[in-house]
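Worksheet for the structure shown next.
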Amino acid sequence: MRIDRLDLTAFGPFTQLTLDLSAPGVHLISGLNEAGKSTALRALDQLLFGFDVQSPYDFVHARTSLRLGALLRGSDGTGVEVTRTRAKQPTLRADDGSVLEAALLDALRHRIDRTTFTSVFALDGVELRKGGQSLTSGGGDFGHALTATRLGNRLTETLRTLDRHIEDLYKHRGSKPVINARLAEFKNARALMREASLHPRDYTERHQAVSAAEQSLAGLEIELKEAREEYARLKLLSDVLPSLHRRQEFLDQIDALNAEGPLATQDAVARLEPLLHELRAADDSLADNRRRLEETAHKLDELIVNDDLLGAEDAIENLFQDRKAAAEAAQRLAKFAGTATELRAEAEALLQRVYPGAQLTETTRYSVPASLRSRVAELHEERTKAEAALKQSRKALGQRRRALEDADKRLSELPAAEDSGPLRAILDAIPHDLLGQIAGIDEDAQRIRSSVEHILHDLRLQPLTVQEVSTITVPSRAQVEAHIVALSDLKHERGDLTKRTKSLTKQLAANRLSLATLLNNDPPPSEDNLLEVRSQRDALWREINAGQPERFADFEQAIVRADRLADQMRKDAHRIAERYRIELQIGSDERELNELDEERANLQRHTEKLDAEWSGLWQDFPGPLPLPAAALTTLDDVRRLREALSDLSTVQAKLASFTGQAHQHIERLREGLREPHGSTLLGTHNALVELPELREIAAARLSLQEKAAGELTTMQERLASAQAELAAVETQIAEHEQDLADWQAEWDTWLTRADLPADHDTADALADLERLHRVAALMTDALTSEQESQYATAVIERFHTLLQTTAAACGRCFPDNTPERDQLVAALYDEAKANRLRFEQRAILRTTHDELLSAVAGFRQTSQRLTTELTSLVQASKVDGQSALAEAVLRRQRHTLLSANLEQVIQAIPARGDKLQALINETATADGSQLEAQLAALTDRRRRQPARSPTGRTHRPHHRPRQTTNPPSRAHRQQENRTGTT
């Protein structure tokens with residue numbers, strides 16, 4: 001595989017960086033420290049084998065945004081575009097976004113794993129340091145040491161891993177390793193095979209015995225089969241005998257039930273009870289509705305309605321409603337009887353006061369238009385207002401003349417005003433935020449000085465100038481970080497060494513404790529003890545073969561003791577092997593602890609070397625030697641110190657510029673205030689103090705100048721205003737005098753139109769017009785009173801006419817006085833109301849009567865229909881009458897219950913068809929006690945059968961097996977037991 005291009009899209013410090021490696025030959029990538037060479041090498045590993053779970057290269061880009069790409073070319077020249085992302089979905093994709101299989105990269109790498117790739121093709125500084133350590137601790141194996149320089153310390157770890165695997169597979173005089181355990185199982189199997197072997201002569205004898213036993217067994221099996229069949233037949237007959245008797249009882253009851261009479265149909269059983277219930281309900285409803293119909297007809301006969309009174313009901317209602325109006329009309333008629341005459345007399349008296357000798361018939365005299373009265377009132381108000389305005393204007397004329405004289409006098413007393421323009425221009429030219437900027441820049445300078453002092457204090461340096469700070473020599477960040485990485489690696493190696501030492505020490509103590517435990521156990525049993533137990537087992541077996549089967553239990557206990565002793569010896573053998581293994585492990589752990597001590601000494605020498613290198617890096621630094629953990633902070637402090645001093649120079653220059661501008665503005669203010677050049681009103685030359693004070697003085701003087709000019713302008717404006725107001729007042733007086741002349745002419749015209757004396761003033765004219773208006777109002781009220789009297793008379797006459805007509809229609813006499821007429825109207829109203837109630841009740845009773853007639857007809861039809869259905873059920877069941885049908889239904893229900901019980905009994909009998917019929921026939925002659933006796937005899941016969949041996953042969957005293965040379969093995973006994981059980 002060849003890498004033509006490496007895309008560092010988002011990885012470590014790189015963003016959208018591409019390394020073109022397509023040219024032929026070997027490519028050499030060089031760069032300064034921290035340029036990213038190792039990062040690019042690590043990116044190649046992440047691209048080919050996937051991103052690590054905890055990646056240290058996400059300090060610029062987010063962890064989920066890491067992205068790499070490459071153009072890979074295989075041995076056949078085919079190029080493949082691949083992209084690796086950090087997302088959770090498939091991370092390997094093509095350039096078009098499609099998912100690539102991991103097998104594609106495996107084929108391009110020729111199945112090389114990550115470890116081999118890192119150690120062979122991606123060797124970095126960390127791996128080189130590990131290889132050097134392995135070279136120094138190689139123990140004289142130069143070939144291993146050379147390989148370890150390339151592979152780091154992986155070779156030693158691999159060799160140790162192989163040794164551990166070998167010990168897991170096989171260990172000399174061991175028992176737990178796999179091969180040792182399989183060898184022990186093989187030995188046990190060979191021993192079992194030897195125990196299971198049998199001599200040919202013994203096999204012939206046993207084969208003949210087995211043949212004889214098989215013949216005897218065949219005869220016994222035939223006999224047993226016949227006995228079992230007979231037992232099963234008798235047992236079945238004994239079991240079903242009660243059920244068959246019960247079946248016959250049910251059949252007899254069914255026959256007796258059929259003999260009592262016919263059975264009702266299933267439809268009759270289902271319909272009889274609800275049909276009778278519906279028929280009774282229909283009859284009850286029919287009787288109830290007939291009773292209600294008779295009651296309704298009786299109420300209709302008793303109810304009497306007056307049709308004449310019903311026809312006059314509307315007239316009576318009108319009379320009842322109009323009686324109050326007629327009474328009120330009578331009262332108004334009595335009230336207005338003398339009112340009209342009084343009103344006319346009062347009107348005539350008022351008219352004589354205005355026009356002596358005038359009559360009420362002269363309507364033109366007192367019919368004064370409203371516009372005339374309104375205009376006369378307006379003229380009265382206009383004259384009053386005009387006279388008041390003329391008086392006010394003449395008074396104001398005197399005031400305006402006095403004000404004009406006062407303003408002219410005060411204006412002549414005011415001094416001449418100065419020009420405030422130059423001083424205003426000087427103040428406007430001063431920037432509003434100049435002092436704020438100077439103060440802010442000064443604060444920045446103070447802050448930077450404080451920061452410089454703080455940094456110098458942190459660095460523990462004396463105060464320095466910018467030039468002295470620029471000469472400070474410190475190591476580069478790459479050198480410091482490289483030293484920190486070396487210290488970190490050293491720390492990790494020391495921690496790993498400590499962990500391994502603790503683990504080995506703990507393991508060594510555990511192994512020593514286990515060895516002491518094994519040495520303190522009881523001594524194992526010997527071969528003689530095992531031979532003694534086996535001899536006892538063999539002796540018991542010979543006694544059993546000699547015809548003493550009661551020793552079989554002792555024989556089994558002897559077998560258990562022999563097996564337990566053998567297991568104990570096997571465990572002791574394993575314990576001895578475990579002791580040897582622990583002793584070897586203790587020796588190995590002690591050697592490894594010695595090696596760890598040598599590694600600890602090497603780490604100490606490397607630590608001293610790093611300390612010396614660190615002191616050399618900081619030899620030109622004027623401050624104390626910083627600790628490696630704080631070195632980066634020291635570098636940052638030096639950088640910040642240089643930047644702060646540079647910023648301080650810039651700020652000081654800026655402060656000088658702004659201070660010069662402030663002094664220029666101070667000189668201009670002095671000139672504007674006419675202060676001698678070079679002198680100061682405040683006795684100080686500090687711009688931050690003098691400029692605001694001069695500015696305040698100039699502002700106060702400018703305010704005085706503007707105030708004087710304003711007062712002069714105000715007085716001039718007041719003088720002009722007084723002159724204008726005086727002219728306006730004189731004009732108003734002339735206008736008011738002209739308005740009064742015009743008013744007098746119009747007033748004379750209106751007096752002539754009103755036919756009033758010319759010497760009347762406005763008040764007298766208004767009083768006469770009000771009297772004439774009162775006369776017109778009184779005449780209007782008199783006419784209204786007369787009209788009301790006529791209307792009341794008409795209402796009373798109409799009420800009396802309607803009452804007379806209605807009384808005649810109802811057969812009543814017309815009363816002469818008003819109280820009797822009111823009583824007649826009330827009586828007619830009450831009778832009409834009661835008559836209307838009886839009429840409505842009659843209508844309701846007639847509707848109810850019709851509904852009851854319809855309900856009676858419906859219930860009659862329902863009763864007839866139910867009776868017809870009941871008759872059809874009687875005929876279908878072939879009985880006479882309703883009571884016979886009820887008895888037939890009861891018989892049908894009992895028949896159904898008996899049939900269901902019979903079916904349950906038949907289902908409980910375990911026989912069907914011919915077999916069931918045979919059982920029924922045999923039951924007729926069977927006796928229960930006789931069946932029990934036969935079953936007991938068969939059971940006793942089976943119990944007296946001879947027992948069989950484990951080999952299947954019957955134990956008989958004269959058939960004794962020959963004694964074998966060797967006792968049967970445990971496997972052989974298990975096989976015989978399985979044969980006997982079968």
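Each chain of the structure tokens is named A, B, ... in the order shown, its residues numbered from 1; ligands are numbered from 1 in display order.
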Which residues of range 396-467 of chain A sit at most 7 Å from range 650-661 of chain A, using only C-alpha atoms? Give each one's shortest atom pair and distance in Å (one decimal place), in chain and ascending residue order, as a Markdown table.
| residue | atom | partner | partner_atom | distance |
| --- | --- | --- | --- | --- |
| A:Ile438 | CA | A:Phe658 | CA | 6.3 |
| A:Ile441 | CA | A:Leu655 | CA | 6.1 |
| A:Asp442 | CA | A:Leu655 | CA | 6.8 |
| A:Ala445 | CA | A:Val651 | CA | 6.1 |
Would you pick out the contacts of Gly623 in chain A at 10 Å or less, using only C-alpha atoms, so that residues sharing its chain but fewer than 5 positions from it are not included, and give the list as a list in words? Leu456, Leu459, Arg460, Leu461, Gln462, Ile472 and Trp618 of chain A
Would you pick out the contacts of range 611-613 of chain A at 12 Å or less, using only C-alpha atoms, so that residues sharing its chain but fewer than 6 positions from it are not included, and give the list as number ranges by chain? A: 475, 479-480, 482-484, 486-487, 604-605, 619, 625-628
If you count only C-alpha atoms, which residues fall within 10 Å of range 257-260 of chain A, apart from same-chain ones fewer than 4 positions away, as a ChimeraX atom specification? /A:251-253,887-888,891-892,894-895,898
Just N, CA, C and O atoms for this one: save the residues we selected as a compact mmCIF listing (two decimals), in the first residue's frame.
# COMPACT_ATOMS: atom_id res chain seq x y z
N LEU A 251 -81.47 -44.92 32.95
CA LEU A 251 -82.31 -45.41 31.84
C LEU A 251 -83.71 -45.81 32.35
O LEU A 251 -84.72 -45.53 31.68
N ASP A 252 -83.75 -46.46 33.53
CA ASP A 252 -85.05 -46.85 34.09
C ASP A 252 -85.88 -45.61 34.42
O ASP A 252 -87.09 -45.57 34.16
N GLN A 253 -85.24 -44.54 34.96
CA GLN A 253 -85.99 -43.32 35.28
C GLN A 253 -86.52 -42.65 34.02
O GLN A 253 -87.63 -42.11 33.99
N GLU A 887 -97.52 -29.58 32.82
CA GLU A 887 -96.97 -30.86 33.28
C GLU A 887 -96.02 -31.45 32.25
O GLU A 887 -94.97 -32.02 32.59
N ALA A 888 -96.37 -31.31 30.96
CA ALA A 888 -95.49 -31.83 29.90
C ALA A 888 -94.15 -31.09 29.90
O ALA A 888 -93.09 -31.68 29.65
N ARG A 891 -92.09 -32.50 32.66
CA ARG A 891 -91.53 -33.80 32.28
C ARG A 891 -90.34 -33.62 31.32
O ARG A 891 -89.33 -34.33 31.43
N ARG A 892 -90.47 -32.64 30.37
CA ARG A 892 -89.37 -32.41 29.43
C ARG A 892 -88.11 -31.94 30.17
O ARG A 892 -86.99 -32.36 29.86
N ARG A 894 -87.26 -32.58 33.33
CA ARG A 894 -86.68 -33.71 34.06
C ARG A 894 -85.98 -34.66 33.10
O ARG A 894 -84.90 -35.20 33.40
N HIS A 895 -86.58 -34.87 31.91
CA HIS A 895 -85.98 -35.74 30.91
C HIS A 895 -84.62 -35.19 30.45
O HIS A 895 -83.65 -35.95 30.29
N LEU A 898 -82.03 -35.83 33.27
CA LEU A 898 -81.62 -37.24 33.32
C LEU A 898 -80.72 -37.60 32.15
O LEU A 898 -79.74 -38.36 32.30
Within 9 Å of Leu890 in chain A, counting only C-alpha atoms, which residues qualify if same-chain residues fewer than 4 places away don't, as a ChimeraX atom specification? /A:263-264,269,885-886,894-895
Please provide the set of residues having any atom within 10 Å of Glu230 in chain A, restricted to only C-alpha atoms, with same-chain residues fewer than 5 positions apart removed, written as a list in words. Leu224, Lys225, Lys235, Leu236, Gln934, Leu935 and Leu938 of chain A
If you keep all heavy atoms, can you produce a file of those selected residues as a compact mmCIF listing (two decimals), in the first residue's frame?
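Below is the file result.txt, written as the result:
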# COMPACT_ATOMS: atom_id res chain seq x y z
N LEU A 224 -46.51 -63.66 32.99
CA LEU A 224 -46.80 -62.33 33.56
C LEU A 224 -47.74 -61.54 32.66
O LEU A 224 -48.64 -60.84 33.14
CB LEU A 224 -45.49 -61.57 33.77
CG LEU A 224 -45.61 -60.15 34.35
CD1 LEU A 224 -46.26 -60.21 35.74
CD2 LEU A 224 -44.23 -59.49 34.45
N LYS A 225 -47.57 -61.66 31.36
CA LYS A 225 -48.43 -60.93 30.42
C LYS A 225 -49.88 -61.38 30.56
O LYS A 225 -50.81 -60.57 30.60
CB LYS A 225 -47.92 -61.12 29.00
CG LYS A 225 -48.75 -60.38 27.95
CD LYS A 225 -48.17 -60.62 26.57
CE LYS A 225 -49.02 -59.88 25.52
NZ LYS A 225 -48.50 -60.11 24.15
N LYS A 235 -59.83 -55.53 36.80
CA LYS A 235 -59.73 -54.21 37.40
C LYS A 235 -60.68 -53.22 36.69
O LYS A 235 -61.37 -52.42 37.34
CB LYS A 235 -58.28 -53.70 37.28
CG LYS A 235 -58.04 -52.33 37.91
CD LYS A 235 -58.28 -52.34 39.40
CE LYS A 235 -57.94 -51.00 40.02
NZ LYS A 235 -58.26 -50.92 41.45
N LEU A 236 -60.74 -53.28 35.35
CA LEU A 236 -61.63 -52.40 34.59
C LEU A 236 -63.09 -52.72 34.94
O LEU A 236 -63.89 -51.80 35.15
CB LEU A 236 -61.39 -52.60 33.09
CG LEU A 236 -62.32 -51.81 32.16
CD1 LEU A 236 -62.16 -50.32 32.39
CD2 LEU A 236 -62.02 -52.16 30.70
N GLN A 934 -60.97 -62.28 43.15
CA GLN A 934 -60.10 -62.61 42.01
C GLN A 934 -58.93 -61.64 41.90
O GLN A 934 -57.80 -62.06 41.63
CB GLN A 934 -60.93 -62.60 40.72
CG GLN A 934 -61.97 -63.74 40.65
CD GLN A 934 -62.84 -63.63 39.40
OE1 GLN A 934 -62.69 -62.69 38.63
NE2 GLN A 934 -63.74 -64.61 39.23
N LEU A 935 -59.17 -60.36 42.11
CA LEU A 935 -58.08 -59.38 42.04
C LEU A 935 -57.06 -59.62 43.13
O LEU A 935 -55.85 -59.50 42.91
CB LEU A 935 -58.65 -57.95 42.16
CG LEU A 935 -59.40 -57.43 40.94
CD1 LEU A 935 -60.08 -56.10 41.28
CD2 LEU A 935 -58.45 -57.24 39.77
N LEU A 938 -54.79 -62.56 42.12
CA LEU A 938 -53.78 -62.20 41.11
C LEU A 938 -52.67 -61.36 41.72
O LEU A 938 -51.49 -61.54 41.38
CB LEU A 938 -54.45 -61.43 39.97
CG LEU A 938 -55.32 -62.27 39.01
CD1 LEU A 938 -56.02 -61.37 38.02
CD2 LEU A 938 -54.46 -63.29 38.28
For range 348-364 of chain A: contacts at 12 Å, only C-alpha atoms, fewer than 4 positions along chain excluded, given as a list of chain:residue names: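 The contact residues come out as A:Thr341, A:Glu342, A:Leu343, A:Arg344, A:Val368, A:Pro369, A:Ala754, A:Asp755, A:Leu756, A:Pro757, A:Asp764, A:Ala765, A:Leu766, A:Ala767, A:Asp768, A:Leu769, A:Glu770, A:Arg771, A:Leu772, A:His773, A:Arg774, A:Val775, A:Ala776, A:Ala777, A:Leu778, A:Met779, A:Thr780.
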I need the residue nearest Glu273 in chain A from this list: A:Ala94, A:Ala329, A:Val889, A:Ala631. Use only C-alpha atoms for the distance.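 Checking each of A:Ala94, A:Ala329, A:Val889, A:Ala631 against Glu273 in chain A, counting only C-alpha atoms, the winner is A:Val889.
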